[in-house]
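**Student:** Dropping in my_file00.txt, with compact mmCIF, C-alpha atoms.
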```
# COMPACT_ATOMS: atom_id res chain seq x y z
CA MET A 1397 13.25 -56.49 73.78
CA SER A 1398 16.38 -58.52 73.30
CA ARG A 1399 14.33 -61.70 73.33
CA GLN A 1400 15.46 -64.06 70.61
CA VAL A 1401 13.46 -63.43 67.50
CA HIS A 1402 13.69 -65.88 64.68
CA PHE A 1403 13.66 -64.59 61.20
CA ALA A 1404 13.11 -66.87 58.24
CA GLY A 1405 13.76 -69.78 60.62
CA GLN A 1406 17.06 -68.35 61.90
CA PRO A 1407 17.96 -65.73 64.47
CA VAL A 1408 18.63 -62.15 63.45
CA ILE A 1409 22.36 -61.36 63.52
CA PHE A 1410 24.35 -58.12 63.61
CA THR A 1411 27.81 -58.47 62.12
CA LEU A 1412 30.59 -56.36 60.68
CA SER A 1413 30.22 -58.06 57.33
CA GLY A 1414 26.54 -57.16 57.27
CA LEU A 1415 27.47 -53.58 58.05
CA ARG A 1416 30.02 -53.58 55.26
CA ARG A 1417 27.53 -55.03 52.78
CA GLY A 1418 24.96 -52.39 53.66
CA PHE A 1419 27.58 -49.68 53.25
CA GLN A 1420 28.63 -50.99 49.84
CA SER A 1421 25.09 -51.39 48.60
CA CYS A 1422 24.52 -47.68 49.21
CA LEU A 1423 27.71 -46.53 47.47
CA PRO A 1424 26.10 -46.18 44.02
CA LEU A 1425 23.73 -43.65 45.59
CA GLY A 1426 26.60 -41.79 47.20
CA LEU A 1427 27.17 -39.51 44.22
CA SER A 1428 23.57 -38.32 44.25
CA VAL A 1429 23.52 -37.86 48.00
CA PHE A 1430 26.76 -35.93 47.66
CA ALA A 1431 25.31 -33.68 44.98
CA TYR A 1432 22.30 -32.87 47.16
CA GLY A 1433 24.54 -32.36 50.17
CA LEU A 1434 26.47 -29.76 48.16
CA VAL A 1435 23.20 -28.07 47.25
CA PHE A 1436 22.20 -27.97 50.90
CA GLY A 1437 25.58 -26.58 51.98
CA ILE A 1438 25.51 -23.87 49.32
CA LEU A 1439 21.93 -22.82 50.07
CA ALA A 1440 22.54 -22.93 53.82
CA VAL A 1441 25.37 -20.40 53.56
CA GLN A 1442 23.30 -18.23 51.24
CA ALA A 1443 20.51 -18.32 53.83
CA GLY A 1444 22.95 -16.98 56.42
CA MET A 1445 24.02 -20.15 58.17
CA GLY A 1446 27.64 -20.69 59.16
CA VAL A 1447 29.70 -23.61 57.89
CA VAL A 1448 29.86 -25.17 61.35
CA GLN A 1449 26.13 -24.70 61.84
CA ALA A 1450 25.28 -26.31 58.50
CA GLY A 1451 27.64 -29.20 59.24
CA ALA A 1452 26.21 -29.63 62.72
CA MET A 1453 22.69 -29.77 61.32
CA SER A 1454 23.69 -32.47 58.83
CA LEU A 1455 25.34 -34.46 61.62
CA THR A 1456 22.51 -34.23 64.14
CA THR A 1457 19.28 -33.93 62.14
CA PHE A 1458 20.48 -35.80 59.04
CA ALA A 1459 17.28 -35.55 57.03
CA GLY A 1460 17.72 -33.81 53.70
CA ALA A 1461 14.19 -32.74 52.84
CA SER A 1462 13.53 -31.18 56.23
CA GLN A 1463 16.93 -29.46 56.30
CA LEU A 1464 16.27 -27.83 52.93
CA MET A 1465 12.79 -26.80 54.00
CA VAL A 1466 14.03 -25.21 57.20
CA LEU A 1467 16.22 -22.84 55.16
CA GLU A 1468 12.99 -21.04 54.28
CA PHE A 1469 12.74 -20.00 57.93
CA TRP A 1470 16.38 -19.05 58.37
CA GLY A 1471 16.91 -15.35 59.01
CA PRO A 1472 17.83 -12.75 61.60
CA VAL A 1473 15.04 -14.05 63.80
CA LEU A 1474 14.68 -17.81 64.12
CA PRO A 1475 11.10 -19.03 64.61
CA PHE A 1476 11.86 -21.99 66.88
CA LEU A 1477 8.38 -23.47 66.86
CA GLY A 1478 7.90 -23.14 63.11
CA ILE A 1479 11.24 -24.76 62.36
CA VAL A 1480 10.85 -27.64 64.79
CA LEU A 1481 7.24 -28.37 63.82
CA THR A 1482 8.07 -28.32 60.11
CA THR A 1483 10.95 -30.70 60.72
CA PHE A 1484 8.71 -33.02 62.70
CA VAL A 1485 5.95 -33.10 60.10
CA VAL A 1486 8.31 -33.58 57.15
CA ASN A 1487 9.91 -36.51 58.96
CA LEU A 1488 6.77 -38.22 60.25
CA ARG A 1489 7.09 -40.81 57.50
CA HIS A 1490 9.99 -42.30 59.49
CA VAL A 1491 7.51 -43.65 62.04
CA LEU A 1492 5.96 -45.93 59.46
CA MET A 1493 9.33 -46.84 57.96
CA GLY A 1494 10.78 -47.83 61.34
CA ALA A 1495 7.77 -49.98 62.12
CA ALA A 1496 8.13 -51.78 58.80
CA LEU A 1497 11.65 -52.92 59.82
CA ARG A 1498 10.20 -54.78 62.80
CA ASP A 1499 11.40 -58.25 61.81
CA TRP A 1500 15.00 -57.09 62.07
CA LEU A 1501 14.80 -54.55 64.86
CA VAL A 1502 12.87 -56.43 67.55
CA GLY A 1503 15.50 -59.15 67.37
CA LEU A 1504 18.28 -56.77 68.41
CA PRO A 1505 19.43 -55.45 71.79
CA ALA A 1506 17.75 -52.09 72.35
CA TRP A 1507 20.91 -49.99 71.98
CA LYS A 1508 21.71 -51.51 68.60
CA ALA A 1509 18.16 -51.06 67.34
CA TYR A 1510 17.78 -47.50 68.63
CA GLY A 1511 21.28 -46.65 67.42
CA SER A 1512 20.65 -48.03 63.93
CA VAL A 1513 17.43 -46.07 63.37
CA PHE A 1514 19.26 -42.78 63.95
CA PHE A 1515 20.89 -43.35 60.54
CA MET A 1516 17.72 -44.42 58.72
CA THR A 1517 17.01 -42.45 55.54
CA ASP A 1518 14.60 -43.05 52.67
CA GLU A 1519 17.38 -44.56 50.60
CA SER A 1520 19.01 -46.80 53.20
CA TRP A 1521 15.57 -47.86 54.45
CA ALA A 1522 14.50 -48.90 50.95
CA LEU A 1523 17.63 -50.98 50.38
CA SER A 1524 17.31 -52.52 53.84
CA ILE A 1525 13.66 -53.43 53.34
CA GLN A 1526 14.64 -55.10 50.08
CA GLU A 1527 17.44 -57.01 51.84
CA MET A 1528 15.11 -58.06 54.67
CA GLY A 1529 12.38 -59.05 52.25
CA SER A 1530 14.72 -61.29 50.31
CA GLY A 1531 15.61 -63.23 53.45
CA GLY A 1532 18.69 -61.38 54.69
CA ARG A 1533 18.96 -61.77 58.46
CA ASP A 1534 21.92 -59.47 59.18
CA ALA A 1535 20.33 -56.36 60.66
CA ALA A 1536 23.63 -54.45 60.61
CA PHE A 1537 22.84 -53.88 56.93
CA LEU A 1538 20.56 -51.01 58.01
CA LEU A 1539 23.31 -49.31 60.00
CA GLY A 1540 25.90 -49.83 57.24
CA SER A 1541 23.73 -48.38 54.49
CA GLY A 1542 22.74 -45.49 56.76
CA LEU A 1543 26.36 -44.72 57.64
CA CYS A 1544 27.24 -44.58 53.95
CA ILE A 1545 24.58 -41.94 53.30
CA TYR A 1546 25.61 -40.12 56.50
CA LEU A 1547 29.23 -39.83 55.39
CA PHE A 1548 28.38 -38.49 51.94
CA TRP A 1549 25.73 -36.11 53.27
CA PHE A 1550 27.97 -34.62 55.94
CA SER A 1551 31.12 -34.23 53.85
CA ALA A 1552 29.15 -32.70 50.99
CA THR A 1553 27.45 -30.26 53.37
CA LEU A 1554 30.83 -29.05 54.62
CA LEU A 1555 32.26 -28.80 51.12
CA GLY A 1556 29.20 -26.99 49.77
CA ALA A 1557 29.07 -24.60 52.70
CA SER A 1558 32.77 -23.79 52.71
CA SER A 1559 33.36 -23.52 48.98
CA GLY A 1560 29.82 -22.94 47.81
CA PHE A 1561 30.33 -20.11 45.41
CA PHE A 1562 33.42 -21.68 43.93
CA LEU A 1563 31.86 -25.07 43.31
CA GLY A 1564 28.40 -23.65 42.90
CA THR A 1565 28.00 -23.64 39.17
CA ALA A 1566 29.81 -26.92 38.58
CA MET A 1567 27.98 -29.31 40.85
CA SER A 1568 25.05 -27.51 42.41
CA ASN A 1569 22.61 -28.53 39.73
CA PRO A 1570 22.15 -32.29 40.13
CA ALA A 1571 19.61 -32.31 37.30
CA ALA A 1572 22.28 -31.34 34.79
CA TRP A 1573 24.02 -34.64 35.50
CA GLY A 1574 20.89 -36.76 35.69
CA LEU A 1575 21.64 -37.23 39.38
CA ASP A 1576 18.19 -36.01 40.42
CA PHE A 1577 16.83 -39.09 38.67
CA ALA A 1578 19.10 -41.53 40.53
CA PHE A 1579 16.76 -41.71 43.53
CA THR A 1580 13.71 -42.24 41.34
CA ALA A 1581 15.56 -44.96 39.42
CA VAL A 1582 16.46 -46.78 42.64
CA PHE A 1583 12.94 -46.61 44.03
CA ILE A 1584 11.45 -47.82 40.73
CA SER A 1585 13.89 -50.75 40.61
CA LEU A 1586 13.17 -51.72 44.21
CA LEU A 1587 9.46 -51.63 43.39
CA ILE A 1588 10.05 -54.03 40.50
CA PHE A 1589 11.90 -56.38 42.86
CA PHE A 1590 9.02 -56.08 45.34
CA TRP A 1591 6.43 -57.23 42.85
CA LYS A 1592 5.10 -60.60 43.97
CA GLY A 1593 2.09 -61.01 41.75
CA ARG A 1594 -1.18 -59.60 40.54
CA SER A 1595 -2.60 -59.34 44.06
CA ASP A 1596 -0.14 -56.49 44.68
CA LEU A 1597 -1.73 -54.36 42.00
CA PRO A 1598 -4.77 -53.03 43.93
CA VAL A 1599 -2.56 -52.17 46.92
CA TRP A 1600 -0.15 -50.26 44.69
CA LEU A 1601 -2.96 -48.47 42.86
CA ILE A 1602 -4.50 -47.34 46.13
CA ALA A 1603 -1.13 -46.28 47.54
CA GLY A 1604 -0.37 -44.41 44.32
CA SER A 1605 -3.75 -42.65 44.18
CA PHE A 1606 -3.57 -41.47 47.77
CA ALA A 1607 0.04 -40.38 47.35
CA TRP A 1608 -0.91 -38.44 44.24
CA GLY A 1609 -3.88 -36.83 46.00
CA GLY A 1610 -1.70 -35.98 48.98
CA TRP A 1611 0.98 -34.56 46.76
CA MET A 1612 -1.58 -32.33 45.01
CA VAL A 1613 -3.15 -30.85 48.14
CA LEU A 1614 -0.68 -31.20 51.01
CA PRO A 1615 2.66 -29.49 51.60
CA GLY A 1616 6.00 -31.19 52.23
CA LYS A 1617 6.31 -34.94 52.40
CA TRP A 1618 2.82 -35.79 53.65
CA TYR A 1619 2.12 -37.60 50.39
CA ILE A 1620 4.54 -40.38 51.37
CA LEU A 1621 2.67 -40.96 54.61
CA CYS A 1622 -0.67 -40.82 52.75
CA GLY A 1623 0.36 -43.45 50.23
CA GLY A 1624 2.07 -45.69 52.78
CA LEU A 1625 -0.87 -45.60 55.17
CA ALA A 1626 -3.50 -46.08 52.45
CA GLY A 1627 -1.73 -49.08 50.90
CA GLY A 1628 -1.05 -50.65 54.29
CA LEU A 1629 -4.58 -50.11 55.57
CA TYR A 1630 -6.09 -51.52 52.40
CA GLY A 1631 -3.83 -54.57 52.71
CA ALA A 1632 -4.93 -55.05 56.31
CA TRP A 1633 -8.59 -54.61 55.43
CA ARG A 1634 -8.31 -57.11 52.59
CA HIS A 1635 -6.60 -59.57 54.90
CA GLY A 1636 -9.44 -59.44 57.42
CA ARG A 1637 -12.17 -59.89 54.87
CA MET B 148 34.60 -1.07 74.46
CA GLY B 149 30.87 -0.95 75.17
CA ALA B 150 30.05 -1.55 71.52
CA ASP B 151 32.36 -4.55 71.49
CA LEU B 152 30.59 -6.01 74.48
CA GLU B 153 27.21 -5.46 72.90
CA GLU B 154 28.38 -7.12 69.73
CA ALA B 155 29.75 -10.06 71.65
CA ALA B 156 26.49 -10.37 73.57
CA ALA B 157 24.50 -10.32 70.32
CA PHE B 158 26.81 -12.94 68.86
CA ALA B 159 26.41 -15.17 71.89
CA ALA B 160 22.63 -14.75 71.88
CA ARG B 161 22.49 -15.64 68.20
CA ASN B 162 24.63 -18.70 68.75
CA SER B 163 22.48 -19.95 71.60
CA ASP B 164 19.38 -19.40 69.43
CA VAL B 165 20.92 -21.46 66.66
CA LEU B 166 22.01 -24.13 69.12
CA LEU B 167 18.48 -24.37 70.48
CA VAL B 168 17.03 -24.71 66.98
CA LEU B 169 19.56 -27.38 66.03
CA LEU B 170 18.84 -29.34 69.20
CA GLY B 171 15.10 -29.08 68.62
CA MET B 172 15.38 -30.28 65.03
CA ALA B 173 17.63 -33.18 65.99
CA ALA B 174 15.33 -34.21 68.83
CA VAL B 175 12.09 -34.30 66.83
CA THR B 176 13.78 -36.01 63.89
CA TYR B 177 15.18 -38.75 66.10
CA LEU B 178 11.77 -39.03 67.73
CA THR B 179 10.23 -39.87 64.35
CA ARG B 180 12.96 -42.42 63.66
CA ALA B 181 12.61 -44.16 67.01
CA ALA B 182 8.82 -43.95 67.40
CA GLY B 183 7.99 -46.72 64.92
CA LEU B 184 10.44 -49.06 66.62
CA TYR B 185 9.16 -48.13 70.08
CA LEU B 186 5.51 -48.70 69.16
CA ILE B 187 6.06 -51.96 67.34
CA CYS B 188 8.01 -53.44 70.24
CA ARG B 189 5.14 -52.74 72.61
CA VAL B 190 2.14 -54.03 70.73
CA SER B 191 2.25 -57.68 69.80
CA PRO B 192 0.99 -57.53 66.25
CA THR B 193 -2.27 -59.21 65.31
CA PRO B 194 -2.50 -60.84 61.87
CA ARG B 195 -4.14 -57.65 60.68
CA VAL B 196 -1.29 -55.47 61.89
CA GLU B 197 1.09 -57.92 60.25
CA ALA B 198 -0.77 -57.58 56.97
CA PHE B 199 -0.64 -53.80 57.37
CA LEU B 200 3.11 -53.80 57.93
CA ARG B 201 3.64 -56.22 55.07
CA HIS B 202 2.02 -53.81 52.63
CA VAL B 203 3.62 -50.62 53.96
CA PRO B 204 7.06 -50.90 52.26
CA ALA B 205 5.86 -51.23 48.67
CA SER B 206 3.19 -48.60 49.32
CA ILE B 207 5.81 -46.13 50.54
CA LEU B 208 7.98 -46.86 47.50
CA VAL B 209 5.00 -46.27 45.20
CA ALA B 210 4.26 -43.04 47.06
CA ILE B 211 7.86 -41.80 46.82
CA VAL B 212 8.02 -42.14 43.04
CA ILE B 213 4.56 -40.65 42.34
CA PRO B 214 5.52 -36.93 42.23
CA SER B 215 8.56 -37.41 40.04
CA LEU B 216 6.35 -39.30 37.58
CA ALA B 217 3.38 -36.95 37.91
CA GLN B 218 5.37 -33.77 37.39
CA GLY B 219 8.06 -35.33 35.22
CA SER B 220 8.47 -34.45 31.58
CA LEU B 221 8.27 -37.00 28.77
CA ALA B 222 12.02 -37.55 29.22
CA GLU B 223 11.64 -38.52 32.87
CA ARG B 224 8.63 -40.75 32.28
CA SER B 225 10.38 -42.55 29.43
CA ALA B 226 13.49 -42.94 31.55
CA ALA B 227 11.30 -44.39 34.31
CA GLY B 228 10.01 -46.93 31.82
CA ILE B 229 13.54 -47.80 30.72
CA THR B 230 14.64 -48.14 34.35
CA ALA B 231 11.77 -50.53 35.04
CA LEU B 232 12.60 -52.54 31.93
CA VAL B 233 16.28 -52.87 32.86
CA ALA B 234 15.27 -53.85 36.41
CA ILE B 235 12.91 -56.54 35.10
CA LEU B 236 15.46 -57.91 32.64
CA THR B 237 18.59 -57.84 34.80
CA ARG B 238 17.15 -57.96 38.36
CA ASN B 239 20.17 -55.82 39.13
CA LEU B 240 19.82 -52.54 41.02
CA ILE B 241 23.04 -50.95 39.78
CA ALA B 242 22.33 -51.79 36.15
CA ALA B 243 18.90 -50.21 36.47
CA LEU B 244 20.32 -47.16 38.26
CA VAL B 245 22.98 -46.58 35.61
CA GLY B 246 20.51 -47.27 32.78
CA GLY B 247 17.99 -44.85 34.28
CA VAL B 248 20.44 -42.00 34.84
CA LEU B 249 22.06 -42.37 31.42
CA SER B 250 18.72 -42.53 29.65
CA VAL B 251 17.40 -39.45 31.45
CA VAL B 252 20.51 -37.48 30.43
CA VAL B 253 20.17 -38.56 26.80
CA LEU B 254 16.40 -38.12 26.65
CA ARG B 255 16.53 -34.65 28.20
CA ALA B 256 19.04 -33.66 25.56
CA ILE B 257 16.99 -34.89 22.60
CA LEU B 258 13.35 -34.49 23.70
```
Would you put the structure from the file into structure tokens?

**Tutor:**
Amino acid sequence: MSRQVHFAGQPVIFTLSGLRRGFQSCLPLGLSVFAYGLVFGILAVQAGMGVVQAGAMSLTTFAGASQLMVLEFWGPVLPFLGIVLTTFVVNLRHVLMGAALRDWLVGLPAWKAYGSVFFMTDESWALSIQEMGSGGRDAAFLLGSGLCIYLFWFSATLLGASSGFFLGTAMSNPAAWGLDFAFTAVFISLLIFFWKGRSDLPVWLIAGSFAWGGWMVLPGKWYILCGGLAGGLYGAWRHGR
Amino acid sequence: MGADLEEAAAFAARNSDVLLVLLGMAAVTYLTRAAGLYLICRVSPTPRVEAFLRHVPASILVAIVIPSLAQGSLAERSAAGITALVAILTRNLIAALVGGVLSVVVLRAIL
């Protein structure tokens, strides 16, 4: 797997400066991630989780949507299968996201590639895909942006869980600060940068329709997988025609 | 003394339950993160698979924003429009992010 892969005519690299750039590019999102981390910490304690347990979950699972969803199951009796299956299903979108980073990842030694994807989140993935698409060949960008999110998510979880009721009213409502919209704003902007021409339109319409349909009828985050698969499959079908 | 022991045993059992759940969650989540990489390293992609992968990123981005637009109020939809406009004009992510968040705060207050 560590065979030399050339990307945009040059080999993929993995440097400290790439890591730093990825980290910095995610900083503007840090505040929003932090706000949601506080929310998770506060709700986790309310659901009966200990501070150490909530922090450990943020360190090891590190996937916001699934962590919040699992709180629904938290109680005196822990349904292992229900919790683990829910987590798996909510996070299935990662499979597609990891595959889409192929041009960077197959060029790396296995331990770097498999280490980097541990830190992959929706946000750091989106920024990395944008960086890769615009010709960046430093794959450490993915790790750097992921680490930035990781740091904010973990520290906010601890803070929310340990001082939840104290901080609760001030910061636990991201919508009051417009911070809930930060993620949407980033994804919309990245979409604008992705636009290559009118031939993208049918792919986007199909992805959007399937995502909308999936969002209407399916629970959790299935809609992301629906839209991603539909747009990708349509693109592949069109290519073969 | 007996009650203390029982309590301690219950505490330990609870902790091992939680530990098991945390390990399970971490394992399946990492599995989803590594699976795409694992698969794509093993199949050498045909042009069709390449076309598929090329269209996945934008499709996922479209999919991610759909619910917030579909269930969003007029304030959020207008702010989405403003964000897109700033992104088109400046080609700058931070400018669009700041513009979007500020406009959603203002629009929610007045709409």

**Student:** Taking only C-alpha atoms into account, name the residue in B:Gln218, B:Leu208, B:Asp151, B:Ala156 that is nearest to chain A.

**Tutor:**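 For chain A, the nearest of the candidates is B:Leu208.
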
**Student:** When the cut-off is 8 Å and we count only C-alpha atoms, which residues of chain B are near chain A, given as a ChimeraX atom specification?

**Tutor:** /B:164-165,167-177,179-184,186-188,195-215,217,223,227,230-231,234-235,238,240-241,243-244,247-249,251-252

**Student:** Between A:Gly1433, A:Pro1407, A:Gly1540, A:Gly1414, which one has atoms that come closest to Pro1570 (chain A), using all atoms listed in the file?

**Tutor:**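 Of all the options, A:Gly1433 lies closest to Pro1570 (chain A).
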
**Student:** Choose the residue, out of A:Trp1507, A:Arg1416, A:Arg1637, A:Ser1595, that has the smallest atom-to-atom separation from Pro194 (chain B); count all atoms listed in the file.

**Tutor:** A:Arg1637

**Student:** Considering only C-alpha atoms, return as a list in words whatever protein or nucleic-acid residues lie within 9 Å of Ser1413 (chain A), sequence-local ones (same chain, fewer than 3 positions apart) excluded.

**Tutor:**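 In the requested form, the answer reads Phe1410, Arg1416, Arg1417, Gly1418, Asp1534, Ala1536 and Phe1537 of chain A.
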
**Student:** Between CA of Leu258 (chain B) and CA of Val245 (chain B), measure the distance and give it in Å to one decimal.

**Tutor:** 19.5 Å

**Student:** Pick from A:Pro1505, A:Ala1431, A:Ile1438, A:Ser1524: nearest to Gly1451 (chain A), with all atoms listed in the file counted?

**Tutor:**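 Looking at the shortest contact to Gly1451 (chain A), the residue is A:Ile1438.
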
**Student:** Would you give the centre and edge lengths, in Å to one decimal, of a box along x, y and z around the listed atoms of region 175-186 of chain B, with 4 Å added to each side, as AutoDock Vina command-line options?

**Tutor:**
```
--center_x 10.3 --center_y -41.7 --center_z 66.9 --size_x 17.7 --size_y 22.8 --size_z 14.4
```

**Student:** Record the distance separating CA of Gly1426 (chain A) and CA of Asn239 (chain B), expressed in Å with one decimal.

**Tutor:**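 If I compute the distance from CA of Gly1426 (chain A) to CA of Asn239 (chain B), I get 17.4 Å.
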
**Student:** What separation in Å, quoted to one decimal, exists between CA of Ala150 (chain B) and CA of Val1448 (chain A)?

**Tutor:**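 So the answer is 25.7 Å.
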
**Student:** Should you be able to, write region 1479-1492 of chain A of this structure into a file that contains C-alpha atoms, as a CSV table (one decimal), in the first residue's frame.

**Tutor:**
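Result went into decode33.csv, see below:
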```csv
chain,number,residue,atom,x,y,z
A,1479,ILE,CA,-26.2,1.3,21.3
A,1480,VAL,CA,-23.5,-0.3,19.2
A,1481,LEU,CA,-25.7,-0.9,16.2
A,1482,THR,CA,-27.1,2.7,16.3
A,1483,THR,CA,-23.5,4.0,16.5
A,1484,PHE,CA,-22.6,1.9,13.5
A,1485,VAL,CA,-25.5,2.9,11.4
A,1486,VAL,CA,-25.2,6.6,12.2
A,1487,ASN,CA,-21.5,6.5,11.2
A,1488,LEU,CA,-21.8,4.4,8.0
A,1489,ARG,CA,-21.4,7.5,5.9
A,1490,HIS,CA,-17.7,7.4,6.9
A,1491,VAL,CA,-17.2,4.5,4.6
A,1492,LEU,CA,-18.0,6.6,1.6
```
